[in-house]
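Q: Next comes the structure file entry19.cif, holding mmCIF, C-alpha atoms.
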```
data_upload
loop_
_atom_site.group_PDB
_atom_site.id
_atom_site.type_symbol
_atom_site.label_atom_id
_atom_site.label_comp_id
_atom_site.auth_asym_id
_atom_site.auth_seq_id
_atom_site.Cartn_x
_atom_site.Cartn_y
_atom_site.Cartn_z
ATOM 1 C CA MET A 53 -29.459 2.389 12.481
ATOM 2 C CA LYS A 54 -32.455 0.662 14.051
ATOM 3 C CA ARG A 55 -33.130 2.333 17.365
ATOM 4 C CA ILE A 56 -34.141 5.717 18.793
ATOM 5 C CA VAL A 57 -32.561 6.702 22.107
ATOM 6 C CA THR A 58 -33.208 9.850 24.128
ATOM 7 C CA THR A 59 -31.251 11.488 26.889
ATOM 8 C CA THR A 60 -32.981 11.522 30.258
ATOM 9 C CA CYS A 61 -31.900 15.159 30.661
ATOM 10 C CA VAL A 62 -35.141 16.219 29.003
ATOM 11 C CA PHE A 63 -36.329 16.472 32.633
ATOM 12 C CA PRO A 64 -34.330 18.727 34.966
ATOM 13 C CA PRO A 65 -33.373 18.051 38.566
ATOM 14 C CA PRO A 66 -35.017 17.477 40.991
ATOM 15 C CA TYR A 67 -37.040 14.985 38.885
ATOM 16 C CA PRO A 68 -35.738 11.618 40.168
ATOM 17 C CA SER A 69 -34.435 9.067 37.662
ATOM 18 C CA GLU A 70 -37.269 6.717 38.601
ATOM 19 C CA VAL A 71 -39.911 9.331 37.689
ATOM 20 C CA ILE A 72 -38.124 10.217 34.446
ATOM 21 C CA LEU A 73 -38.046 6.554 33.454
ATOM 22 C CA ASN A 74 -41.789 6.179 34.025
ATOM 23 C CA ARG A 75 -42.611 9.368 32.100
ATOM 24 C CA LEU A 76 -40.469 8.487 29.081
ATOM 25 C CA ALA A 77 -41.710 4.903 28.963
ATOM 26 C CA ALA A 78 -45.319 6.127 29.015
ATOM 27 C CA ILE A 79 -44.613 8.399 26.027
ATOM 28 C CA GLY A 80 -43.174 5.483 24.068
ATOM 29 C CA TYR A 81 -39.405 5.642 24.458
ATOM 30 C CA THR A 82 -37.834 2.211 24.825
ATOM 31 C CA SER A 83 -34.113 3.099 24.870
ATOM 32 C CA LEU A 84 -32.497 5.750 27.045
ATOM 33 C CA ASP A 85 -29.238 7.656 27.429
ATOM 34 C CA ILE A 86 -28.996 8.323 31.157
ATOM 35 C CA GLY A 87 -27.553 11.716 31.996
ATOM 36 C CA LEU A 88 -25.490 10.758 35.019
ATOM 37 C CA ASP A 89 -23.995 14.248 34.973
ATOM 38 C CA TYR A 90 -27.463 15.439 36.045
ATOM 39 C CA CYS A 91 -27.603 12.891 38.896
ATOM 40 C CA VAL A 92 -24.924 14.446 41.117
ATOM 41 C CA GLY A 93 -25.654 16.577 44.167
ATOM 42 C CA LYS A 94 -29.395 16.556 43.567
ATOM 43 C CA GLY A 95 -30.341 13.671 45.865
ATOM 44 C CA ASP A 96 -30.565 11.465 42.792
ATOM 45 C CA LEU A 97 -29.020 8.236 41.590
ATOM 46 C CA LEU A 98 -25.334 8.728 42.398
ATOM 47 C CA ASP A 99 -25.786 10.362 45.809
ATOM 48 C CA GLY A 100 -25.668 8.633 49.180
ATOM 49 C CA ASP A 101 -24.153 5.416 50.475
ATOM 50 C CA ASN A 102 -26.861 3.215 48.964
ATOM 51 C CA TRP A 103 -26.343 4.408 45.399
ATOM 52 C CA ARG A 104 -25.656 0.919 43.993
ATOM 53 C CA GLU A 105 -28.909 -0.392 45.438
ATOM 54 C CA ARG A 106 -30.773 2.525 43.890
ATOM 55 C CA VAL A 107 -29.115 1.929 40.511
ATOM 56 C CA MET A 108 -30.068 -1.749 40.564
ATOM 57 C CA ALA A 109 -33.641 -0.882 41.561
ATOM 58 C CA LEU A 110 -33.788 1.476 38.556
ATOM 59 C CA ARG A 111 -32.505 -1.352 36.333
ATOM 60 C CA ARG A 112 -35.259 -3.655 37.590
ATOM 61 C CA GLN A 113 -37.830 -0.913 37.014
ATOM 62 C CA ALA A 114 -36.580 -0.442 33.446
ATOM 63 C CA ASP A 115 -36.644 -4.180 32.786
ATOM 64 C CA ALA A 116 -40.237 -4.362 33.997
ATOM 65 C CA LEU A 117 -41.191 -1.511 31.645
ATOM 66 C CA GLY A 118 -39.354 -3.014 28.660
ATOM 67 C CA VAL A 119 -36.891 -0.092 28.549
ATOM 68 C CA THR A 120 -33.133 -0.413 28.107
ATOM 69 C CA TYR A 121 -30.385 2.009 29.072
ATOM 70 C CA THR A 122 -28.052 1.870 26.086
ATOM 71 C CA HIS A 123 -26.007 5.069 26.512
ATOM 72 C CA SER A 124 -24.886 7.337 29.345
ATOM 73 C CA HIS A 125 -23.101 10.610 30.047
ATOM 74 C CA ALA A 126 -20.581 11.058 32.861
ATOM 75 C CA PRO A 127 -20.017 14.130 35.032
ATOM 76 C CA GLY A 128 -16.754 15.980 34.649
ATOM 77 C CA ASN A 129 -14.129 15.624 31.939
ATOM 78 C CA ALA A 130 -11.496 13.040 31.068
ATOM 79 C CA GLY A 131 -9.141 14.296 33.763
ATOM 80 C CA ASN A 132 -11.755 14.621 36.489
ATOM 81 C CA ARG A 133 -11.364 11.338 38.440
ATOM 82 C CA SER A 134 -13.956 12.424 40.987
ATOM 83 C CA GLU A 135 -15.867 9.932 43.072
ATOM 84 C CA SER A 136 -19.027 10.874 41.180
ATOM 85 C CA GLN A 137 -17.351 10.112 37.848
ATOM 86 C CA MET A 138 -16.175 6.714 39.069
ATOM 87 C CA ARG A 139 -19.668 6.013 40.361
ATOM 88 C CA ALA A 140 -21.094 7.055 36.991
ATOM 89 C CA LEU A 141 -18.900 4.560 35.130
ATOM 90 C CA GLU A 142 -20.009 1.738 37.392
ATOM 91 C CA ALA A 143 -23.645 2.868 37.349
ATOM 92 C CA ALA A 144 -23.686 2.919 33.547
ATOM 93 C CA ALA A 145 -22.440 -0.662 33.482
ATOM 94 C CA LEU A 146 -24.943 -1.801 36.124
ATOM 95 C CA LEU A 147 -27.764 -0.274 34.073
ATOM 96 C CA GLY A 148 -26.584 -2.156 30.995
ATOM 97 C CA ALA A 149 -25.325 0.810 28.976
ATOM 98 C CA ARG A 150 -22.636 0.087 26.409
ATOM 99 C CA TYR A 151 -21.400 3.665 25.931
ATOM 100 C CA ILE A 152 -20.532 6.529 28.264
ATOM 101 C CA VAL A 153 -19.611 10.010 27.031
ATOM 102 C CA VAL A 154 -16.804 11.729 28.944
ATOM 103 C CA HIS A 155 -16.064 15.253 27.726
ATOM 104 C CA PRO A 156 -12.491 16.038 26.713
ATOM 105 C CA ILE A 157 -10.383 18.431 28.767
ATOM 106 C CA HIS A 158 -10.693 21.817 27.067
ATOM 107 C CA GLU A 159 -8.843 24.086 29.507
ATOM 108 C CA MET A 160 -5.830 23.996 31.797
ATOM 109 C CA GLY A 161 -5.125 26.482 34.565
ATOM 110 C CA GLY A 162 -8.137 28.538 33.550
ATOM 111 C CA GLN A 163 -6.875 28.888 29.973
ATOM 112 C CA ILE A 164 -8.732 27.431 27.005
ATOM 113 C CA ILE A 165 -6.542 24.975 25.088
ATOM 114 C CA THR A 166 -6.177 26.200 21.500
ATOM 115 C CA ASP A 167 -3.078 24.260 20.456
ATOM 116 C CA ASP A 168 -4.437 21.123 18.778
ATOM 117 C CA ALA A 169 -1.396 18.941 19.452
ATOM 118 C CA GLU A 170 -1.410 19.956 23.118
ATOM 119 C CA PHE A 171 -5.137 19.251 23.338
ATOM 120 C CA ILE A 172 -4.610 15.747 21.994
ATOM 121 C CA ARG A 173 -1.590 15.060 24.227
ATOM 122 C CA ILE A 174 -3.372 16.186 27.389
ATOM 123 C CA ASN A 175 -6.456 14.139 26.593
ATOM 124 C CA VAL A 176 -4.514 11.005 25.677
ATOM 125 C CA GLU A 177 -2.766 11.177 29.061
ATOM 126 C CA ALA A 178 -6.093 11.699 30.819
ATOM 127 C CA THR A 179 -7.908 8.953 28.919
ATOM 128 C CA LEU A 180 -5.436 6.086 29.205
ATOM 129 C CA PRO A 181 -6.038 5.461 32.940
ATOM 130 C CA LEU A 182 -9.784 5.156 32.267
ATOM 131 C CA LEU A 183 -9.386 2.318 29.784
ATOM 132 C CA PRO A 184 -8.746 -0.539 32.264
ATOM 133 C CA ILE A 185 -11.851 0.579 34.149
ATOM 134 C CA ALA A 186 -13.882 0.629 30.942
ATOM 135 C CA GLU A 187 -12.612 -2.820 29.960
ATOM 136 C CA LYS A 188 -13.483 -4.285 33.360
ATOM 137 C CA LEU A 189 -16.976 -2.789 33.203
ATOM 138 C CA GLY A 190 -17.622 -3.643 29.556
ATOM 139 C CA LEU A 191 -18.002 0.014 28.567
ATOM 140 C CA THR A 192 -16.791 2.068 25.644
ATOM 141 C CA ILE A 193 -15.824 5.622 26.613
ATOM 142 C CA LEU A 194 -16.691 8.283 24.047
ATOM 143 C CA SER A 195 -15.165 11.719 23.651
ATOM 144 C CA GLU A 196 -17.254 14.466 22.037
ATOM 145 C CA ASN A 197 -16.812 17.647 20.026
ATOM 146 C CA ILE A 198 -17.751 20.399 22.462
ATOM 147 C CA LEU A 199 -17.607 24.197 22.477
ATOM 148 C CA TRP A 200 -14.216 25.625 23.440
ATOM 149 C CA GLY A 201 -10.825 25.935 21.806
ATOM 150 C CA SER A 202 -9.469 22.801 20.193
ATOM 151 C CA SER A 203 -12.435 20.753 21.420
ATOM 152 C CA ILE A 204 -14.621 22.451 18.803
ATOM 153 C CA TYR A 205 -13.192 20.555 15.860
ATOM 154 C CA PRO A 206 -14.311 16.998 15.128
ATOM 155 C CA ARG A 207 -10.955 16.316 13.463
ATOM 156 C CA ASN A 208 -9.231 16.813 16.829
ATOM 157 C CA ILE A 209 -11.562 14.334 18.503
ATOM 158 C CA VAL A 210 -10.824 11.831 15.729
ATOM 159 C CA GLU A 211 -7.077 12.374 16.143
ATOM 160 C CA LEU A 212 -7.518 11.770 19.864
ATOM 161 C CA VAL A 213 -9.310 8.486 19.165
ATOM 162 C CA LYS A 214 -6.539 7.405 16.817
ATOM 163 C CA ALA A 215 -3.845 8.322 19.338
ATOM 164 C CA VAL A 216 -5.527 6.396 22.162
ATOM 165 C CA ASP A 217 -6.059 3.430 19.817
ATOM 166 C CA SER A 218 -8.270 1.271 22.034
ATOM 167 C CA PRO A 219 -11.424 -0.773 21.412
ATOM 168 C CA TYR A 220 -12.759 0.827 24.613
ATOM 169 C CA PHE A 221 -12.531 4.380 23.283
ATOM 170 C CA GLY A 222 -14.318 6.150 20.437
ATOM 171 C CA TRP A 223 -16.203 9.351 19.760
ATOM 172 C CA CYS A 224 -19.647 10.904 19.666
ATOM 173 C CA PHE A 225 -20.540 13.528 17.056
ATOM 174 C CA ASP A 226 -22.774 16.403 18.159
ATOM 175 C CA PRO A 227 -24.028 18.162 15.000
ATOM 176 C CA GLY A 228 -25.579 20.974 17.057
ATOM 177 C CA HIS A 229 -22.231 21.821 18.646
ATOM 178 C CA ALA A 230 -20.576 21.728 15.228
ATOM 179 C CA ASN A 231 -23.304 23.883 13.678
ATOM 180 C CA PHE A 232 -22.752 26.510 16.365
ATOM 181 C CA TYR A 233 -19.340 27.080 14.745
ATOM 182 C CA GLY A 234 -20.517 26.754 11.151
ATOM 183 C CA ILE A 235 -19.185 23.199 10.816
ATOM 184 C CA THR A 236 -21.662 21.229 8.729
ATOM 185 C CA PRO A 237 -22.312 17.476 8.961
ATOM 186 C CA GLY A 238 -20.319 17.164 5.744
ATOM 187 C CA VAL A 239 -17.216 17.182 7.947
ATOM 188 C CA LEU A 240 -17.918 13.515 8.632
ATOM 189 C CA ARG A 241 -16.982 12.702 5.020
ATOM 190 C CA GLU A 242 -13.520 14.178 5.650
ATOM 191 C CA LEU A 243 -12.744 12.070 8.727
ATOM 192 C CA ASP A 244 -11.325 8.556 8.766
ATOM 193 C CA VAL A 245 -12.936 7.369 12.016
ATOM 194 C CA VAL A 246 -16.709 6.914 12.067
ATOM 195 C CA PRO A 247 -18.424 8.070 15.278
ATOM 196 C CA LEU A 248 -19.869 5.362 17.505
ATOM 197 C CA SER A 249 -22.709 7.579 18.721
ATOM 198 C CA LEU A 250 -24.486 10.883 18.105
ATOM 199 C CA HIS A 251 -26.047 13.688 20.112
ATOM 200 C CA ILE A 252 -28.899 14.770 17.870
ATOM 201 C CA GLN A 253 -29.902 18.363 18.619
ATOM 202 C CA ASP A 254 -30.620 21.381 16.450
ATOM 203 C CA THR A 255 -29.238 24.911 16.560
ATOM 204 C CA HIS A 256 -29.435 28.017 14.394
ATOM 205 C CA GLY A 257 -25.727 28.157 13.609
ATOM 206 C CA PRO A 258 -23.053 30.706 14.529
ATOM 207 C CA GLY A 259 -24.113 33.084 17.273
ATOM 208 C CA SER A 260 -27.189 31.096 18.206
ATOM 209 C CA GLY A 261 -25.967 29.387 21.373
ATOM 210 C CA ASP A 262 -25.946 25.726 22.313
ATOM 211 C CA GLU A 263 -29.696 25.450 21.892
ATOM 212 C CA HIS A 264 -30.371 21.683 22.027
ATOM 213 C CA LEU A 265 -33.594 22.081 20.034
ATOM 214 C CA LEU A 266 -35.820 19.428 18.514
ATOM 215 C CA PRO A 267 -34.493 18.464 15.063
ATOM 216 C CA GLY A 268 -36.262 20.714 12.587
ATOM 217 C CA ASP A 269 -36.455 23.706 14.930
ATOM 218 C CA GLY A 270 -33.003 24.979 13.925
ATOM 219 C CA ASN A 271 -31.265 25.162 10.544
ATOM 220 C CA ILE A 272 -29.409 21.835 10.279
ATOM 221 C CA ASP A 273 -30.275 19.931 7.100
ATOM 222 C CA TRP A 274 -31.274 16.615 8.666
ATOM 223 C CA LYS A 275 -31.980 14.801 5.396
ATOM 224 C CA GLU A 276 -28.465 15.623 4.215
ATOM 225 C CA PHE A 277 -27.144 14.498 7.593
ATOM 226 C CA LEU A 278 -28.892 11.142 7.304
ATOM 227 C CA HIS A 279 -27.498 10.634 3.805
ATOM 228 C CA ILE A 280 -24.014 11.331 5.164
ATOM 229 C CA LEU A 281 -24.489 8.821 7.994
ATOM 230 C CA ARG A 282 -25.513 6.202 5.435
ATOM 231 C CA ASP A 283 -22.554 7.012 3.187
ATOM 232 C CA ILE A 284 -19.941 6.773 5.956
ATOM 233 C CA GLY A 285 -21.350 3.518 7.304
ATOM 234 C CA TYR A 286 -22.548 4.760 10.678
ATOM 235 C CA GLN A 287 -23.566 1.726 12.772
ATOM 236 C CA GLY A 288 -24.868 3.369 15.956
ATOM 237 C CA GLU A 289 -28.259 4.516 17.167
ATOM 238 C CA LEU A 290 -30.236 7.724 16.621
ATOM 239 C CA VAL A 291 -29.378 9.252 19.991
ATOM 240 C CA LEU A 292 -31.360 12.384 20.847
ATOM 241 C CA GLU A 293 -29.998 15.169 23.037
ATOM 242 C CA ALA A 294 -32.741 17.680 22.230
ATOM 243 C CA HIS A 295 -33.491 18.519 25.833
ATOM 244 C CA HIS A 296 -33.759 22.309 26.007
ATOM 245 C CA GLN A 297 -37.432 22.800 25.172
ATOM 246 C CA SER A 298 -38.852 20.115 27.439
ATOM 247 C CA TYR A 299 -36.352 20.917 30.193
ATOM 248 C CA ASP A 300 -37.546 24.523 30.429
ATOM 249 C CA ALA A 301 -41.256 23.953 29.754
ATOM 250 C CA PRO A 302 -43.934 23.830 32.455
ATOM 251 C CA ASP A 303 -44.547 20.289 33.629
ATOM 252 C CA GLU A 304 -47.900 20.009 31.888
ATOM 253 C CA GLU A 305 -46.232 20.767 28.521
ATOM 254 C CA LYS A 306 -43.245 18.431 28.791
ATOM 255 C CA ASP A 307 -44.957 15.242 27.638
ATOM 256 C CA GLY A 308 -46.337 16.927 24.532
ATOM 257 C CA ILE A 309 -42.900 18.232 23.544
ATOM 258 C CA LEU A 310 -41.325 14.821 24.115
ATOM 259 C CA THR A 311 -44.057 13.121 22.115
ATOM 260 C CA GLU A 312 -43.326 15.473 19.210
ATOM 261 C CA LEU A 313 -39.608 14.745 19.580
ATOM 262 C CA LEU A 314 -40.287 11.024 19.313
ATOM 263 C CA ARG A 315 -42.482 11.517 16.229
ATOM 264 C CA ARG A 316 -39.760 13.529 14.495
ATOM 265 C CA ALA A 317 -37.151 10.943 15.392
ATOM 266 C CA GLU A 318 -39.370 8.199 14.006
ATOM 267 C CA ARG A 319 -39.651 10.086 10.726
ATOM 268 C CA MET A 320 -35.862 10.539 10.634
ATOM 269 C CA LEU A 321 -35.302 6.855 11.276
ATOM 270 C CA ALA A 322 -37.837 5.842 8.611
ATOM 271 C CA TYR A 323 -36.168 8.155 6.090
ATOM 272 C CA TYR A 324 -32.734 6.732 6.926
ATOM 273 C CA GLN A 325 -33.988 3.182 6.504
ATOM 274 C CA SER A 326 -35.492 4.078 3.134
ATOM 275 C CA LEU A 327 -32.159 5.223 1.696
#
```
Before we go any further, please render this structure as structure tokens.
A:
Amino acid sequence: MKRIVTTTCVFPPPYPSEVILNRLAAIGYTSLDIGLDYCVGKGDLLDGDNWRERVMALRRQADALGVTYTHSHAPGNAGNRSESQMRALEAAALLGARYIVVHPIHEMGGQIITDDAEFIRINVEATLPLLPIAEKLGLTILSENILWGSSIYPRNIVELVKAVDSPYFGWCFDPGHANFYGITPGVLRELDVVPLSLHIQDTHGPGSGDEHLLPGDGNIDWKEFLHILRDIGYQGELVLEAHHQSYDAPDEEKDGILTELLRRAERMLAYYQSL
């Protein structure tokens, strides 16, 4: 693990992607996870007929600043197939991202899916049509442990990955989501597929909410987590999704929060590399 990446969702709409890029580059971030789910219907990157031109202009801006878009997050879920989701897949590739998170389907007909086998079946069927698109674009689609029904459990996401069985599909582990249900990072030792990415965010455990706090502001044991990542052979980046505090802060406080986030991530990365 050699690189720190942060989501761009640390700034809320209507901050344009171009402004977010400049702000994060000035703080010192050099790798970004673009939240394309935040770029829909807000007059931002995926809106309008000239969206490809705007995406390519953002890529040139990033190149000039020495910043790379390595990860991305799509709107909708695996069964969505909206125009905005298709645009997001193409936009991620145009920006140079290798990975794009697409949430699994967690409900059908307004009912949360709680049958694990049904959850996996539904999501396999929804994911397979995305794979030729991912292959053409040079992307790897990632599912993620989220917050409802069968989607809560990392083992179900791993079983989904195994059932799809494609080099263009893997998974992203969110320890904050897991912690919300009392699932500790130790679960990774029990699984036989290593995640390809992470969403690093802290929470206070069961009953706390999906807080997306800076690591160290909740109750996750991050040193233990880093030891586990080393032990399982994690090969991805330190991808931060700690957006809540900066997102909600007054503008004049955002840069300070994001600077502190970067400092904490640097300490985490240094500790990991010392193991």
Q: Excluding A:Gly288 and any residue of its chain fewer than 3 positions from it, enumerate the residues within 12 Å of it, using all atoms listed in the file, and give them as a list in words.
A: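 Listed by chain and then number, they are Met53, Lys54, Arg55, Ile56, Val57, Thr122, His123, Arg150, Tyr151, Gly222, Trp223, Cys224, Phe225, Val246, Pro247, Leu248, Ser249, Leu250, His251, Leu281, Arg282, Ile284, Gly285, Val291 and Leu321 of chain A.
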Q: Keeping only C-alpha atoms, take the residues you just selected and write them out as a JSON list (two decimals), keeping the file's coordinate frame.
A:
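File produced: part.json:
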```json
[["chain", "number", "residue", "atom", "x", "y", "z"],
["A", 53, "MET", "CA", -29.46, 2.39, 12.48],
["A", 54, "LYS", "CA", -32.46, 0.66, 14.05],
["A", 55, "ARG", "CA", -33.13, 2.33, 17.36],
["A", 56, "ILE", "CA", -34.14, 5.72, 18.79],
["A", 57, "VAL", "CA", -32.56, 6.70, 22.11],
["A", 122, "THR", "CA", -28.05, 1.87, 26.09],
["A", 123, "HIS", "CA", -26.01, 5.07, 26.51],
["A", 150, "ARG", "CA", -22.64, 0.09, 26.41],
["A", 151, "TYR", "CA", -21.40, 3.66, 25.93],
["A", 222, "GLY", "CA", -14.32, 6.15, 20.44],
["A", 223, "TRP", "CA", -16.20, 9.35, 19.76],
["A", 224, "CYS", "CA", -19.65, 10.90, 19.67],
["A", 225, "PHE", "CA", -20.54, 13.53, 17.06],
["A", 246, "VAL", "CA", -16.71, 6.91, 12.07],
["A", 247, "PRO", "CA", -18.42, 8.07, 15.28],
["A", 248, "LEU", "CA", -19.87, 5.36, 17.50],
["A", 249, "SER", "CA", -22.71, 7.58, 18.72],
["A", 250, "LEU", "CA", -24.49, 10.88, 18.10],
["A", 251, "HIS", "CA", -26.05, 13.69, 20.11],
["A", 281, "LEU", "CA", -24.49, 8.82, 7.99],
["A", 282, "ARG", "CA", -25.51, 6.20, 5.44],
["A", 284, "ILE", "CA", -19.94, 6.77, 5.96],
["A", 285, "GLY", "CA", -21.35, 3.52, 7.30],
["A", 291, "VAL", "CA", -29.38, 9.25, 19.99],
["A", 321, "LEU", "CA", -35.30, 6.86, 11.28]]
```
Q: For the structure provided, state which residues fall under the PyMOL selection byres ((chain A and resi 209-216) around 8), and present them as a list in words.
A: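 Output of the PyMOL selection byres ((chain A and resi 209-216) around 8): Ile172, Asn175, Val176, Thr179, Leu180, Ser195, Glu196, Asn197, Ser203, Tyr205, Pro206, Arg207, Asn208, Asp217, Ser218, Phe221, Gly222, Trp223, Leu243, Asp244 and Val245 of chain A.
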Q: Would you output that residue set with C-alpha atoms, as a tab-separated table (two decimals), in the frame of the given file?
A:
```
chain	number	residue	atom	x	y	z
A	172	ILE	CA	-4.61	15.75	21.99
A	175	ASN	CA	-6.46	14.14	26.59
A	176	VAL	CA	-4.51	11.00	25.68
A	179	THR	CA	-7.91	8.95	28.92
A	180	LEU	CA	-5.44	6.09	29.20
A	195	SER	CA	-15.16	11.72	23.65
A	196	GLU	CA	-17.25	14.47	22.04
A	197	ASN	CA	-16.81	17.65	20.03
A	203	SER	CA	-12.44	20.75	21.42
A	205	TYR	CA	-13.19	20.56	15.86
A	206	PRO	CA	-14.31	17.00	15.13
A	207	ARG	CA	-10.96	16.32	13.46
A	208	ASN	CA	-9.23	16.81	16.83
A	217	ASP	CA	-6.06	3.43	19.82
A	218	SER	CA	-8.27	1.27	22.03
A	221	PHE	CA	-12.53	4.38	23.28
A	222	GLY	CA	-14.32	6.15	20.44
A	223	TRP	CA	-16.20	9.35	19.76
A	243	LEU	CA	-12.74	12.07	8.73
A	244	ASP	CA	-11.32	8.56	8.77
A	245	VAL	CA	-12.94	7.37	12.02
```
Q: Evaluate the PyMOL selection byres ((chain A and resi 60) around 7) against this structure - the residues, as a tab-separated table (two decimals) with C-alpha atoms, in the frame of the given file, please.
A:
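Heads up, here's the output in selection.tsv:
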```
chain	number	residue	atom	x	y	z
A	58	THR	CA	-33.21	9.85	24.13
A	59	THR	CA	-31.25	11.49	26.89
A	61	CYS	CA	-31.90	15.16	30.66
A	62	VAL	CA	-35.14	16.22	29.00
A	63	PHE	CA	-36.33	16.47	32.63
A	72	ILE	CA	-38.12	10.22	34.45
A	84	LEU	CA	-32.50	5.75	27.04
A	85	ASP	CA	-29.24	7.66	27.43
A	86	ILE	CA	-29.00	8.32	31.16
A	87	GLY	CA	-27.55	11.72	32.00
```
Q: So that I can see what lies close to A:Trp274, please list as a list in words the residues with an atom at most 10 Å from it, counting only C-alpha atoms and leaving out residues fewer than 3 positions away in the same chain.
A: Pro227, Pro237, Ile252, Asp254, Pro267, Gly268, Asn271, Phe277, Leu278, His279, Ile280 and Met320 of chain A
Q: How would the residues just chosen look if you wrote them out with C-alpha atoms as a PDB file, in the coordinates of the input?
A:
```pdb
ATOM      1  CA  PRO A 227     -24.028  18.162  15.000  1.00  0.00           C
ATOM      2  CA  PRO A 237     -22.312  17.476   8.961  1.00  0.00           C
ATOM      3  CA  ILE A 252     -28.899  14.770  17.870  1.00  0.00           C
ATOM      4  CA  ASP A 254     -30.620  21.381  16.450  1.00  0.00           C
ATOM      5  CA  PRO A 267     -34.493  18.464  15.063  1.00  0.00           C
ATOM      6  CA  GLY A 268     -36.262  20.714  12.587  1.00  0.00           C
ATOM      7  CA  ASN A 271     -31.265  25.162  10.544  1.00  0.00           C
ATOM      8  CA  PHE A 277     -27.144  14.498   7.593  1.00  0.00           C
ATOM      9  CA  LEU A 278     -28.892  11.142   7.304  1.00  0.00           C
ATOM     10  CA  HIS A 279     -27.498  10.634   3.805  1.00  0.00           C
ATOM     11  CA  ILE A 280     -24.014  11.331   5.164  1.00  0.00           C
ATOM     12  CA  MET A 320     -35.862  10.539  10.634  1.00  0.00           C
TER      13      MET A 320
END
```
Q: Counting all atoms listed in the file, figure out which residue out of A:Leu240, A:Ile309, A:Ala114, A:Leu183 gets nearest to A:Glu276.
A: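 Closest residue, counting all atoms listed in the file: A:Leu240.
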Q: Have a look at atom CA of A:Glu187 and atom CA of A:Ile152 and let me know their distance in Å, one decimal.
A: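 Interatomic distance here is 12.4 Å.
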Q: Write out as a list in words which residues come within 12 Å of A:Leu199 when counting all atoms listed in the file, dropping same-chain ones fewer than 5 positions away.
A: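 The contact residues come out as His155, Pro156, Ile157, His158, Glu159, Ile164, Ile165, Thr166, Ile204, Tyr205, Pro206, Asp226, Pro227, Gly228, His229, Ala230, Asn231, Phe232, Tyr233, Gly234, Ile235, Pro258, Gly261 and Asp262 of chain A.
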Q: Quick check, in Å to one decimal: how far apart do atom CA of A:Arg316 and atom CA of A:Gln253 lie?
A: 11.7 Å
Q: Could you tell me which residues the PyMOL selection byres ((chain A and resi 68) around 12) returns for this structure, as a count of residues only?
A: 30
Q: In Å, with one decimal, what is the gap from atom CA of A:Ser260 to atom CA of A:Asp273?
A: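 Spanning atom CA of A:Ser260 to atom CA of A:Asp273 is a straight-line distance of 16.0 Å.
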Q: Smallest atom-to-atom distance to A:Leu189: which of A:Ile174, A:Val119, A:Ala130, A:Ala140, using all atoms listed in the file?
A: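 Checking each candidate against A:Leu189, we get A:Ala140 as the closest.
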Q: Please tell me which residues are no farther than 12 Å from (-47.9, 12.3, 26.7) in the file, counting only C-alpha atoms, and write them as a PyMOL selection string.
A: chain A and resi 74-81+298+303-315
Q: Could you give me stretch 208-219 of chain A completed to N, CA and C atoms, formatted as an mmCIF file, in the frame of the given file?
A:
```cif
data_model
loop_
_atom_site.group_PDB
_atom_site.id
_atom_site.type_symbol
_atom_site.label_atom_id
_atom_site.label_comp_id
_atom_site.auth_asym_id
_atom_site.auth_seq_id
_atom_site.Cartn_x
_atom_site.Cartn_y
_atom_site.Cartn_z
ATOM 1 N N ASN A 208 -10.071 16.989 15.648
ATOM 2 C CA ASN A 208 -9.231 16.813 16.829
ATOM 3 C C ASN A 208 -9.716 15.654 17.686
ATOM 4 N N ILE A 209 -11.024 15.464 17.744
ATOM 5 C CA ILE A 209 -11.562 14.334 18.503
ATOM 6 C C ILE A 209 -11.186 13.027 17.807
ATOM 7 N N VAL A 210 -11.237 13.017 16.486
ATOM 8 C CA VAL A 210 -10.824 11.831 15.729
ATOM 9 C C VAL A 210 -9.335 11.556 15.936
ATOM 10 N N GLU A 211 -8.507 12.580 15.909
ATOM 11 C CA GLU A 211 -7.077 12.374 16.143
ATOM 12 C C GLU A 211 -6.821 11.853 17.552
ATOM 13 N N LEU A 212 -7.616 12.294 18.504
ATOM 14 C CA LEU A 212 -7.518 11.770 19.864
ATOM 15 C C LEU A 212 -7.852 10.281 19.900
ATOM 16 N N VAL A 213 -8.920 9.899 19.225
ATOM 17 C CA VAL A 213 -9.310 8.486 19.165
ATOM 18 C C VAL A 213 -8.198 7.647 18.547
ATOM 19 N N LYS A 214 -7.621 8.142 17.479
ATOM 20 C CA LYS A 214 -6.539 7.405 16.817
ATOM 21 C C LYS A 214 -5.309 7.290 17.716
ATOM 22 N N ALA A 215 -5.010 8.344 18.459
ATOM 23 C CA ALA A 215 -3.845 8.322 19.338
ATOM 24 C C ALA A 215 -4.043 7.373 20.517
ATOM 25 N N VAL A 216 -5.245 7.314 21.049
ATOM 26 C CA VAL A 216 -5.527 6.396 22.162
ATOM 27 C C VAL A 216 -5.518 4.956 21.668
ATOM 28 N N ASP A 217 -6.131 4.734 20.499
ATOM 29 C CA ASP A 217 -6.059 3.430 19.817
ATOM 30 C C ASP A 217 -6.482 2.278 20.727
ATOM 31 N N SER A 218 -7.740 2.311 21.150
ATOM 32 C CA SER A 218 -8.270 1.271 22.034
ATOM 33 C C SER A 218 -9.679 0.893 21.601
ATOM 34 N N PRO A 219 -10.043 -0.394 21.704
ATOM 35 C CA PRO A 219 -11.424 -0.773 21.412
ATOM 36 C C PRO A 219 -12.407 -0.251 22.449
#
```
